[in-house]
$ cat coords.txt   # compact mmCIF, C-alpha atoms
# COMPACT_ATOMS: atom_id res chain seq x y z
CA MET X 1 -0.64 -6.79 39.53
CA ARG X 2 3.15 -6.74 39.94
CA ARG X 3 5.24 -5.35 37.11
CA ILE X 4 7.83 -7.75 35.73
CA ALA X 5 11.27 -6.22 35.43
CA PRO X 6 12.42 -5.63 31.81
CA ARG X 7 15.60 -7.62 32.53
CA ILE X 8 13.55 -10.67 33.50
CA LEU X 9 11.39 -10.30 30.40
CA ALA X 10 14.47 -10.08 28.19
CA ARG X 11 15.94 -13.21 29.76
CA SER X 12 12.66 -15.05 29.29
CA ALA X 13 12.46 -14.04 25.64
CA ALA X 14 16.06 -15.11 25.06
CA ALA X 15 15.39 -18.42 26.75
CA MET X 16 12.33 -19.00 24.56
CA ILE X 17 14.30 -18.27 21.42
CA LEU X 18 17.12 -20.58 22.49
CA ALA X 19 14.75 -23.37 23.41
CA ALA X 20 12.85 -23.03 20.15
CA ALA X 21 16.07 -23.00 18.14
CA ILE X 22 17.38 -26.12 19.88
CA SER X 23 14.09 -27.89 19.32
CA ALA X 24 13.97 -26.86 15.69
CA ALA X 25 17.57 -27.96 15.19
CA LEU X 26 16.36 -31.51 15.41
CA CYS X 27 14.34 -30.85 12.24
CA GLY X 28 17.11 -29.23 10.18
CA CYS X 29 18.64 -25.85 9.39
CA ALA X 30 15.61 -24.48 7.53
CA ALA X 31 13.42 -25.06 10.55
CA VAL X 32 15.96 -23.30 12.78
CA ALA X 33 16.00 -20.22 10.55
CA TRP X 34 12.21 -20.10 10.38
CA THR X 35 11.76 -20.54 14.13
CA VAL X 36 14.30 -17.89 15.08
CA ALA X 37 12.72 -15.46 12.60
CA GLN X 38 9.34 -15.82 14.31
CA PHE X 39 10.79 -14.62 17.64
CA ALA X 40 13.11 -11.96 16.21
CA PRO X 41 12.18 -8.28 16.68
CA PRO X 42 10.68 -6.32 13.75
CA GLN X 43 13.19 -5.13 11.17
CA LYS X 44 13.50 -1.54 9.98
CA VAL X 45 13.04 -0.93 6.26
CA LYS X 46 14.19 2.38 4.81
CA ALA X 47 12.09 4.46 2.43
CA LEU X 48 12.74 3.79 -1.26
CA TYR X 49 12.08 7.46 -2.04
CA ARG X 50 11.35 10.48 0.15
CA LEU X 51 8.69 12.87 -1.06
CA PRO X 52 9.85 16.51 -1.31
CA LYS X 53 8.99 18.34 1.91
CA ASP X 54 6.25 20.93 2.35
CA LYS X 55 4.47 20.08 -0.89
CA LYS X 56 0.78 19.69 -1.65
CA VAL X 57 0.15 16.20 -3.02
CA LEU X 58 -2.50 14.97 -5.42
CA VAL X 59 -3.08 11.23 -5.19
CA PHE X 60 -4.21 10.33 -8.71
CA VAL X 61 -5.56 6.78 -8.84
CA ASP X 62 -6.12 5.83 -12.47
CA ASP X 63 -7.04 2.81 -14.59
CA TYR X 64 -6.16 4.29 -17.98
CA LEU X 65 -4.77 1.05 -19.45
CA SER X 66 -7.00 -1.48 -17.67
CA GLU X 67 -10.45 -0.19 -16.77
CA VAL X 68 -11.72 -1.71 -13.54
CA ARG X 69 -15.28 -2.92 -13.04
CA TYR X 70 -15.45 -1.74 -9.43
CA GLU X 71 -15.18 2.05 -9.82
CA PRO X 72 -15.40 2.89 -6.05
CA ILE X 73 -11.92 1.44 -5.49
CA LYS X 74 -10.40 4.66 -6.85
CA GLY X 75 -12.00 6.80 -4.16
CA LEU X 76 -11.38 4.23 -1.44
CA LEU X 77 -7.68 3.98 -2.22
CA THR X 78 -7.27 7.74 -2.61
CA ASP X 79 -8.89 8.44 0.76
CA ARG X 80 -6.75 5.83 2.54
CA ILE X 81 -3.51 7.16 1.03
CA ASN X 82 -4.44 10.76 1.81
CA GLU X 83 -5.14 9.81 5.44
CA ARG X 84 -1.78 8.08 5.81
CA LEU X 85 0.19 10.87 4.09
CA THR X 86 -1.40 13.40 6.45
CA LYS X 87 -1.03 11.29 9.58
CA GLN X 88 2.65 10.64 8.92
CA ALA X 89 3.34 14.25 7.89
CA LEU X 90 4.58 13.23 4.44
CA ALA X 91 2.67 16.02 2.69
CA ALA X 92 1.87 19.64 3.48
CA GLY X 93 -1.62 18.98 2.20
CA THR X 94 -3.62 16.60 0.03
CA ILE X 95 -6.41 17.03 -2.50
CA PRO X 96 -9.66 15.13 -1.91
CA TYR X 97 -10.82 12.54 -4.41
CA ARG X 98 -14.02 14.52 -5.00
CA SER X 99 -12.01 17.34 -6.60
CA LEU X 100 -10.35 14.93 -9.03
CA ALA X 101 -13.67 13.26 -9.86
CA ASP X 102 -15.29 16.64 -10.53
CA LEU X 103 -12.42 17.65 -12.83
CA SER X 104 -12.67 14.35 -14.68
CA SER X 105 -16.39 14.93 -15.29
CA ALA X 106 -16.12 18.59 -16.23
CA LYS X 107 -12.96 18.61 -18.32
CA ALA X 108 -13.34 17.73 -21.98
CA ARG X 109 -10.74 15.18 -23.11
CA PHE X 110 -9.62 14.65 -19.51
CA ASN X 111 -7.87 11.41 -20.48
CA ASP X 112 -5.63 13.33 -22.88
CA LEU X 113 -4.14 15.41 -20.05
CA ALA X 114 -0.64 14.56 -18.84
CA ILE X 115 -0.28 13.58 -15.20
CA SER X 116 1.48 16.87 -14.49
CA GLN X 117 -1.35 18.82 -16.13
CA VAL X 118 -3.95 17.15 -13.93
CA GLY X 119 -1.88 18.16 -10.91
CA GLN X 120 -1.63 21.74 -12.13
CA GLU X 121 -5.39 21.94 -12.71
CA LEU X 122 -5.98 21.01 -9.05
CA GLY X 123 -3.27 23.17 -7.51
CA ALA X 124 -0.90 20.35 -6.52
CA ASP X 125 2.89 20.53 -6.34
CA ILE X 126 3.42 16.77 -6.56
CA VAL X 127 1.31 14.00 -8.08
CA LEU X 128 1.46 10.54 -6.54
CA TYR X 129 0.19 8.61 -9.54
CA VAL X 130 -1.16 5.14 -8.83
CA HIS X 131 -2.14 3.06 -11.84
CA ILE X 132 -4.45 0.13 -11.14
CA ASP X 133 -3.07 -2.69 -13.25
CA ALA X 134 -5.67 -5.21 -12.08
CA PHE X 135 -8.51 -5.23 -9.57
CA SER X 136 -11.21 -7.81 -8.97
CA THR X 137 -13.29 -9.15 -6.12
CA LYS X 138 -14.16 -12.43 -7.87
CA ASP X 139 -12.44 -14.66 -10.42
CA LEU X 140 -15.76 -15.00 -12.29
CA GLU X 141 -18.60 -12.50 -12.02
CA ASP X 142 -21.27 -15.17 -11.43
CA SER X 143 -19.14 -17.20 -9.00
CA PRO X 144 -20.34 -17.55 -5.38
CA LEU X 145 -16.73 -17.27 -4.21
CA TRP X 146 -15.11 -13.96 -3.38
CA HIS X 147 -11.42 -13.72 -4.23
CA GLY X 148 -9.83 -10.30 -4.05
CA GLN X 149 -6.87 -9.39 -6.25
CA PHE X 150 -5.24 -5.97 -6.55
CA GLN X 151 -2.15 -4.94 -8.53
CA ALA X 152 -0.79 -1.42 -8.99
CA THR X 153 2.24 0.61 -10.04
CA VAL X 154 3.33 3.97 -8.65
CA ARG X 155 5.04 7.09 -9.99
CA VAL X 156 5.88 10.44 -8.40
CA VAL X 157 5.62 13.47 -10.69
CA ASP X 158 6.47 17.12 -10.09
CA VAL X 159 3.87 19.24 -11.89
CA ARG X 160 6.57 21.60 -13.22
CA THR X 161 9.65 19.46 -13.83
CA GLY X 162 8.14 16.04 -14.55
CA ARG X 163 8.88 12.62 -13.18
CA LEU X 164 10.80 12.37 -9.93
CA TRP X 165 10.60 8.63 -9.17
CA PRO X 166 11.29 5.97 -10.27
CA THR X 167 13.62 7.18 -12.99
CA ASP X 168 14.68 3.73 -14.17
CA ARG X 169 11.21 2.17 -14.67
CA PRO X 170 9.08 3.89 -17.33
CA GLU X 171 5.93 2.04 -16.28
CA GLY X 172 6.40 2.88 -12.58
CA TYR X 173 7.26 0.94 -9.43
CA ALA X 174 5.27 -2.31 -9.24
CA LEU X 175 3.97 -3.11 -5.77
CA ASN X 176 3.53 -6.59 -4.38
CA PRO X 177 -0.01 -7.69 -5.28
CA VAL X 178 -2.71 -7.75 -2.62
CA GLU X 179 -4.71 -10.99 -2.61
CA THR X 180 -7.38 -12.33 -0.27
CA PRO X 181 -8.28 -15.99 0.30
CA SER X 182 -11.30 -17.39 -1.52
CA SER X 183 -14.41 -17.23 0.64
CA GLU X 184 -18.17 -17.42 0.47
CA ASN X 185 -20.25 -14.59 1.90
CA SER X 186 -23.83 -13.63 1.08
CA ALA X 187 -23.86 -10.27 2.89
CA ALA X 188 -25.17 -7.47 0.65
CA ASN X 189 -22.25 -5.17 1.43
CA TYR X 190 -19.47 -7.75 1.35
CA GLU X 191 -17.96 -6.52 -1.92
CA SER X 192 -17.49 -3.01 -0.53
CA GLN X 193 -16.05 -4.49 2.68
CA LEU X 194 -13.58 -6.61 0.71
CA ALA X 195 -12.61 -3.67 -1.49
CA GLY X 196 -12.08 -1.53 1.61
CA GLU X 197 -9.78 -4.14 3.15
CA MET X 198 -7.69 -4.36 -0.02
CA ALA X 199 -7.56 -0.56 -0.32
CA ASP X 200 -6.30 -0.34 3.26
CA THR X 201 -3.55 -2.91 2.66
CA MET X 202 -2.50 -1.39 -0.67
CA SER X 203 -2.47 2.15 0.75
CA GLN X 204 -0.11 1.03 3.51
CA ARG X 205 2.23 -0.58 0.98
CA ILE X 206 2.22 2.58 -1.13
CA VAL X 207 2.90 4.97 1.74
CA ASN X 208 5.62 2.66 3.08
CA LEU X 209 7.57 3.37 -0.11
CA PHE X 210 8.09 6.92 1.13
CA CYS X 211 8.88 6.46 4.82
CA ASP X 212 10.98 4.27 7.08
CA HIS X 213 8.88 1.50 8.61
CA TYR X 214 9.10 -1.81 10.40
CA VAL X 215 8.13 -5.25 9.17
CA PRO X 216 8.13 -8.66 10.88
CA ALA X 217 11.56 -10.27 10.73
CA ALA X 218 10.20 -13.16 8.65
CA GLU X 219 9.10 -10.71 5.92
CA ALA X 220 12.50 -9.03 5.83
CA GLN X 221 14.33 -12.21 4.89
$ encode --input "coords.txt" --output "C-alpha cells"
Amino acid sequence: MRRIAPRILARSAAAMILAAAISAALCGCAAVAWTVAQFAPPQKVKALYRLPKDKKVLVFVDDYLSEVRYEPIKGLLTDRINERLTKQALAAGTIPYRSLADLSSAKARFNDLAISQVGQELGADIVLYVHIDAFSTKDLEDSPLWHGQFQATVRVVDVRTGRLWPTDRPEGYALNPVETPSSENSAANYESQLAGEMADTMSQRIVNLFCDHYVPAAEAQ
C-alpha cells in the first residue's frame, strides 16, 4: 500500500473543512461554527493545579456527607486514579485502596479524623481527597432502567501544612457530572460494569485537573 504524502493529506483535510464550512454557511453562522469545530484539531488544556513533585499520594475517596448505596465505587475510583497518577508520573507513589479500607475498619472514630491525619496514618505526603456528592446507577431502585449519575468534588491536602488546592472553594473543586443514558439490561453484572465505566470517566476528569491534556475542539468552545 502506497503511503500518502503528509502534504497531500493536509491539503485534503483543508479542502474538507472549506467545503464543509461553505455548505454549512447556507444554514447560518451557528452551523458554520459547529461544522468547523468538528474538523478542527484537538485543543490543549492546561492543568488547573500541578501536584507537588516526588510526593507519595493517598487518594481518599469519601462519602462523608452523602453515603452512597454502591460501596464498591470507592475502590473502583481509587484504583483508576492511582493507575493514571502512576502512568502519567504525577506521583512518586500511591497507596492502595485496601490500606485505606483496613484503616477505616481498624481505627476507632475513623470518621473524626481530619483528612491530613488519615494521610499521616498511611504514610502519605499528599492527600487527593475526592468527596462523592452523588452516585447512583438507577433513578429508582426497583426500576428496570439503568441510569448512571456521578458527582464529586476534589481537594488537595498536604498532610503537614493543610490544604493546597483549591484555596478559594471551601467545599472543593466541583467536577462536571458523569451521566450515562437510560438503558435496559438484565445481565447479572451490569451494575458493576456501569459503575466501572463511570469510575473510568470520572478518574480521567480528576487526573486531567493536574496535567496538561487535549480535548476535542468542540468541547473547548
$ closest_atom_pairs --input "coords.txt" --of "stretch 135-169 of chain X" --to "stretch 41-49 of chain X" --cutoff "12 Å" --atoms "only C-alpha atoms" --output "JSON lines"
{"residue": "X:Val154", "atom": "CA", "partner": "X:Tyr49", "partner_atom": "CA", "distance": 11.5}
{"residue": "X:Arg155", "atom": "CA", "partner": "X:Tyr49", "partner_atom": "CA", "distance": 10.6}
{"residue": "X:Val156", "atom": "CA", "partner": "X:Tyr49", "partner_atom": "CA", "distance": 9.4}
{"residue": "X:Leu164", "atom": "CA", "partner": "X:Tyr49", "partner_atom": "CA", "distance": 9.4}
{"residue": "X:Trp165", "atom": "CA", "partner": "X:Tyr49", "partner_atom": "CA", "distance": 7.4}
{"residue": "X:Pro166", "atom": "CA", "partner": "X:Tyr49", "partner_atom": "CA", "distance": 8.4}
{"residue": "X:Thr167", "atom": "CA", "partner": "X:Tyr49", "partner_atom": "CA", "distance": 11.1}
$ write_last_selection --input "coords.txt" --atoms "C-alpha atoms" --output "compact mmCIF listing (two decimals), in the frame of the given file"
# COMPACT_ATOMS: atom_id res chain seq x y z
CA VAL X 154 3.33 3.97 -8.65
CA ARG X 155 5.04 7.09 -9.99
CA VAL X 156 5.88 10.44 -8.40
CA LEU X 164 10.80 12.37 -9.93
CA TRP X 165 10.60 8.63 -9.17
CA PRO X 166 11.29 5.97 -10.27
CA THR X 167 13.62 7.18 -12.99
$ atom_distance --input "coords.txt" --atom1 "atom CA of X:Ala114" --atom2 "atom CA of X:Ile132"
16.8 Å
$ closest_residue --input "coords.txt" --among "X:Lys74, X:Arg169, X:Arg80, X:His213" --to "X:Thr153" --atoms "all atoms listed in the file"
X:Arg169
$ atom_distance --input "coords.txt" --atom1 "atom CA of X:Leu90" --atom2 "atom CA of X:Asn208"
10.7 Å
$ residues_around --input "coords.txt" --residues "X:Gln151" --least-positions-apart "5" --cutoff "10 Å" --atoms "all atoms listed in the file" --output "compact mmCIF listing (two decimals) with C-alpha atoms, in the frame of the given file"
# COMPACT_ATOMS: atom_id res chain seq x y z
CA HIS X 131 -2.14 3.06 -11.84
CA ILE X 132 -4.45 0.13 -11.14
CA ASP X 133 -3.07 -2.69 -13.25
CA ALA X 134 -5.67 -5.21 -12.08
CA PHE X 135 -8.51 -5.23 -9.57
CA SER X 136 -11.21 -7.81 -8.97
CA ALA X 174 5.27 -2.31 -9.24
CA LEU X 175 3.97 -3.11 -5.77
CA ASN X 176 3.53 -6.59 -4.38
CA PRO X 177 -0.01 -7.69 -5.28
CA VAL X 178 -2.71 -7.75 -2.62
CA GLU X 179 -4.71 -10.99 -2.61
CA MET X 202 -2.50 -1.39 -0.67
$ axis_aligned_box --input "coords.txt" --around "stretch 61-80 of chain X" --padding-each-side "4 Å" --output "AutoDock Vina command-line options"
--center_x -10.1 --center_y 2.8 --center_z -8.5 --size_x 18.7 --size_y 19.4 --size_z 30.0
$ atom_distance --input "coords.txt" --atom1 "atom CA of X:Leu128" --atom2 "atom CA of X:Lys55"
11.5 Å
$ residues_around --input "coords.txt" --residues "stretch 157-161 of chain X" --least-positions-apart "5" --cutoff "12 Å" --atoms "only C-alpha atoms" --output "VMD selection string"
chain X and resid 51 to 52 55 to 60 114 to 130 166 to 167 172
$ write_last_selection --input "coords.txt" --atoms "C-alpha atoms" --output "PDB file, in the frame of the given file"
ATOM      1  CA  LEU X  51       8.690  12.870  -1.060  1.00  0.00           C
ATOM      2  CA  PRO X  52       9.850  16.510  -1.310  1.00  0.00           C
ATOM      3  CA  LYS X  55       4.470  20.080  -0.890  1.00  0.00           C
ATOM      4  CA  LYS X  56       0.780  19.690  -1.650  1.00  0.00           C
ATOM      5  CA  VAL X  57       0.150  16.200  -3.020  1.00  0.00           C
ATOM      6  CA  LEU X  58      -2.500  14.970  -5.420  1.00  0.00           C
ATOM      7  CA  VAL X  59      -3.080  11.230  -5.190  1.00  0.00           C
ATOM      8  CA  PHE X  60      -4.210  10.330  -8.710  1.00  0.00           C
ATOM      9  CA  ALA X 114      -0.640  14.560 -18.840  1.00  0.00           C
ATOM     10  CA  ILE X 115      -0.280  13.580 -15.200  1.00  0.00           C
ATOM     11  CA  SER X 116       1.480  16.870 -14.490  1.00  0.00           C
ATOM     12  CA  GLN X 117      -1.350  18.820 -16.130  1.00  0.00           C
ATOM     13  CA  VAL X 118      -3.950  17.150 -13.930  1.00  0.00           C
ATOM     14  CA  GLY X 119      -1.880  18.160 -10.910  1.00  0.00           C
ATOM     15  CA  GLN X 120      -1.630  21.740 -12.130  1.00  0.00           C
ATOM     16  CA  GLU X 121      -5.390  21.940 -12.710  1.00  0.00           C
ATOM     17  CA  LEU X 122      -5.980  21.010  -9.050  1.00  0.00           C
ATOM     18  CA  GLY X 123      -3.270  23.170  -7.510  1.00  0.00           C
ATOM     19  CA  ALA X 124      -0.900  20.350  -6.520  1.00  0.00           C
ATOM     20  CA  ASP X 125       2.890  20.530  -6.340  1.00  0.00           C
ATOM     21  CA  ILE X 126       3.420  16.770  -6.560  1.00  0.00           C
ATOM     22  CA  VAL X 127       1.310  14.000  -8.080  1.00  0.00           C
ATOM     23  CA  LEU X 128       1.460  10.540  -6.540  1.00  0.00           C
ATOM     24  CA  TYR X 129       0.190   8.610  -9.540  1.00  0.00           C
ATOM     25  CA  VAL X 130      -1.160   5.140  -8.830  1.00  0.00           C
ATOM     26  CA  PRO X 166      11.290   5.970 -10.270  1.00  0.00           C
ATOM     27  CA  THR X 167      13.620   7.180 -12.990  1.00  0.00           C
ATOM     28  CA  GLY X 172       6.400   2.880 -12.580  1.00  0.00           C
TER      29      GLY X 172
END
$ residues_around --input "coords.txt" --residues "X:Tyr64" --least-positions-apart "2" --cutoff "8 Å" --atoms "all atoms listed in the file" --output "PyMOL selection string"
chain X and resi 62+66-67+111+131
$ closest_residue --input "coords.txt" --among "X:Leu76, X:Ser192, X:Leu65, X:Lys53" --to "X:Gly93" --atoms "all atoms listed in the file"
X:Lys53
$ closest_residue --input "coords.txt" --among "X:Ser104, X:Ser143, X:Thr137, X:Ser186" --to "X:Ala199" --atoms "only C-alpha atoms"
X:Thr137
$ residues_around --input "coords.txt" --residues "X:Asp79" --least-positions-apart "3" --cutoff "12 Å" --atoms "only C-alpha atoms" --output "list in words"
Leu58, Val59, Phe60, Val61, Pro72, Ile73, Lys74, Gly75, Leu76, Asn82, Glu83, Arg84, Leu85, Thr86, Thr94, Ile95, Pro96, Tyr97, Arg98, Ser99, Leu100, Gly196, Ala199, Asp200, Met202, Ser203 and Gln204 of chain X
